[in-house]
Amino acid sequence: MLLEKSENTPWKRRERYFVCLVWLMTAVISSCACAFASRAVVLDPCETTGEVGESEAVEPSTVERVCGLIYQGEFASAGQLIAKSGGDEHPRARFLSELAEIVREYEDISKRRQSAREAAYKEQLAELEKFRNGADANGAPATGAGANRGGDANDVDPNDANDVSLVLSVVARVREFADDARKERLLDDEFVKQTIQRAVDRAAGFETEGKWLEAYTSCYYWLEVIDPNNEAYSDYAEQLLEKAQIAASFEDSPCETSKERYEGIKKEMFVRAIHALSVNYVSLIDYGEMATKAVNRCKLLAEVMGKRAEFVVRCSLLSVDSKKESDEGEKGSEFIVHSSFSPADKQKLTAWLVALAAVEDEMKDAPTGFNKGNFMEVFDRVLTLNTSIAELPEPVLIAQFSEAALSALDPYTVMVWPKQVQDFEKMMTNEFTGIGIEISKRQGLLTVASLLPDTPAYNSGLDAGDVIEKVNGVETKDMTLICAVHKITGPKGTEVLLTIKRPGEEKTKDITITRDRIKVPTIRGWRRTEAGKWLHIVDEKNKIGYVRLTSFSGQSASGLENILLELESEGLEGLILDLRFNTGGLLESAVAVADKFLDGGLIVKTQPGPGFGKWPSYSTAHKSKTHPNYPLVILMNSSSASASEIVSGALADEGHKRAILVGARTHGKGSVQGITHYPGGGAQLKYTMAYYHLPSSQRVESRDAMEKQGRTDWGIGPNVEVKLRSDELKEMIDTQRDNDVLVQAGRNGVGPELKKHTIKETLAADPQLAVGFLVVKSKLIQARASAAAEQN
């Protein structure tokens, strides 16, 4: 049983195209949000003089009330309560004085963030005014080169998509840094309206040319950011991406041909998958909705094919009506069809669309509802019509039909076709055979972001910062990160040849590395030493530790256990567990992690769908090997999903109250996936088999379902909300990346300078971590106050 790592959902469109940093096997994406508003707190704490005896401690109930407000993010109210608690009447109330300092530190953080936000707003507004002035000169937005030279109208091309999208990007940034009133005025601005209309018109032109991805990236990506509540924008953007995905299915990449991509896909696999779903899916299946989406995808497929001026189709002889024999006289061998659309081809697609429309009409007229049998009849009918009319490659048609049909169920139920199985298993286990590096695309160049310790790459001569120009002689300029991963990984014991260029050196050099089994560690600290050891203590005085868990693999629980024992042996007093950007993993791993901090009670209940013999499953905590009850804060954000939601939800649940959650609302997945090999032929079906509930019986709601109801209470909400803006998120990620880097063994100062940040700099660059740090300190103050009261 697994908790699917949440990816490729509609609200995550942006992350698909704008990835900052990726592990060799996993990508790390991000999201942006707005900042806290500054809140004034009146404080008049009295200074502590000399030593304070435990008998002089302030009444714990006041401290507890102050801390209770802090744990809800009500720092302003906490400050006011401290001020009302006595002030000069308790000159030695050190615990309240310490809490007053916590409130002051929080207010300092808020003021710095608000100041930075206001400065960013003014800067972007000035940039927008520059474009507006240029537009006033000739009716078109002054952007690009014209904007850089003060808005010279002669340098502006109103038909240039880059110019228009640049203005939209500035409008988006103005909106992000604006308050609510300013946001409303921005959308009513005449210049902004004109720019949006220009972008919509340009996107329509792109679509006419069959450039759906360009229409999205130059226009509708930005429109979704500028006006996120506009359903027309979001629906159209989704359709553009769907068409772009279809077009890409016919294109070769440096790593695979279109034929290889769909190799091994057969009709029987999907038929068997539907049967498995009818028995095991978590809820009743709407076969009518599945058929509607599948047929609509087939119509889009025809539209895309019709718009493409030239296309290349790789298929099996058995997938077309002619079934001709190859030159060798063998049936079923492969050939390549190069074709330009002729009038006859267009007539075929037109006839195909007419036939699909007839299928849709028949679906609507189904007299007794639409059941599984009706759905399978539609599937058979579509394949038959394709053979007789459109003659599209059958494996591609099956893949497109199934993807669209399953998307009607939920974002996580998918077919894993034979060619995808290996990559899927790597993602779930965090194990693969490769060389042990993290890679990223920096300024379009495939770059080594960091090395992994005790791997082939670490002692190979490869170094962080090296640009990989070729992999086995194939240039990487046009490779995606996923493609590069395919090229670099391979069977254990085989070799890969990397041609690299080191910053500051003119010549390239070749490095041959022998692949080996790699286990990607999922446990990290706040900074890595030059020797590759993670640092976990963020406050030596108060012994506050920090652990970042990047995913829930089979080794995560044992890895965390080792780190906790090490930190506890050093006197650990409080812990920050960072689950930000942790998109999930194995259910068993999530339960084992939560169990470390609970001595009993329910952790999670998984509720399967209706059906005979289906009963809820209960995972409970055990008293043995439970770690001490020190303060625990969990950091989370919108990329914390699945297993991360189980751990954070269980530990913060009313029944346990073991942790305080700091950050932003989680992704909102709310379901458990299972994998079956029942489709056969090397294919697998990943399907939603259960929903999960917290110890208090509250179900963790899916974002997909909640958005359809107009609600925002999906996932797990934080106790202390700290949302990051895009500029803050970038600074946090950049700082974290610098602290994560591991360079080659025996470097001895050779190569680019390694940039590492102090804990003070790291906290300044990460408001969520900084606030979580304050919450742990508040917990420690409360614990000392309680201990003093007991002694008194």
# chains A, B, ... in the order shown; residues from 1 in each chain; ligands from 1
>>> select_by_dssp(residues="segment 217-277 of chain A", states="alpha helix (DSSP H)", output="number ranges by chain")
A: 221-226, 231-248, 258-261, 267-277
>>> residues_around(residues="segment 185-194 of chain A", least_positions_apart="4", cutoff="7 Å", atoms="only C-alpha atoms", output="JSON list (two decimals) with N, CA, C and O atoms, in the first residue's frame")
[["chain", "number", "residue", "atom", "x", "y", "z"],
["A", 132, "ARG", "N", 3.44, 51.39, -19.24],
["A", 132, "ARG", "CA", 2.25, 52.16, -19.54],
["A", 132, "ARG", "C", 2.60, 53.42, -20.34],
["A", 132, "ARG", "O", 1.93, 53.78, -21.29],
["A", 181, "ALA", "N", -7.17, 45.57, -1.72],
["A", 181, "ALA", "CA", -7.75, 46.73, -2.41],
["A", 181, "ALA", "C", -6.97, 47.05, -3.67],
["A", 181, "ALA", "O", -7.55, 47.36, -4.72],
["A", 198, "ARG", "N", -4.65, 41.85, -25.63],
["A", 198, "ARG", "CA", -3.59, 41.59, -26.61],
["A", 198, "ARG", "C", -3.05, 40.16, -26.43],
["A", 198, "ARG", "O", -2.79, 39.45, -27.40]]
>>> residues_around(residues="segment 227-229 of chain A", least_positions_apart="3", cutoff="10 Å", atoms="only C-alpha atoms", output="list in words")
Ala172, Arg175, Lys183, Glu184, Leu187, Trp222, Leu223, Glu224, Ala232, Tyr233 and Ser234 of chain A
>>> closest_residue(among="A:Phe379, A:Phe401, A:Phe581, A:Trp534", to="Asn296 of chain A", atoms="only C-alpha atoms")
A:Phe401
>>> closest_residue(among="A:Gly772, A:Gly670, A:Gly559, A:Pro254", to="Gln607 of chain A", atoms="only C-alpha atoms")
A:Gly670
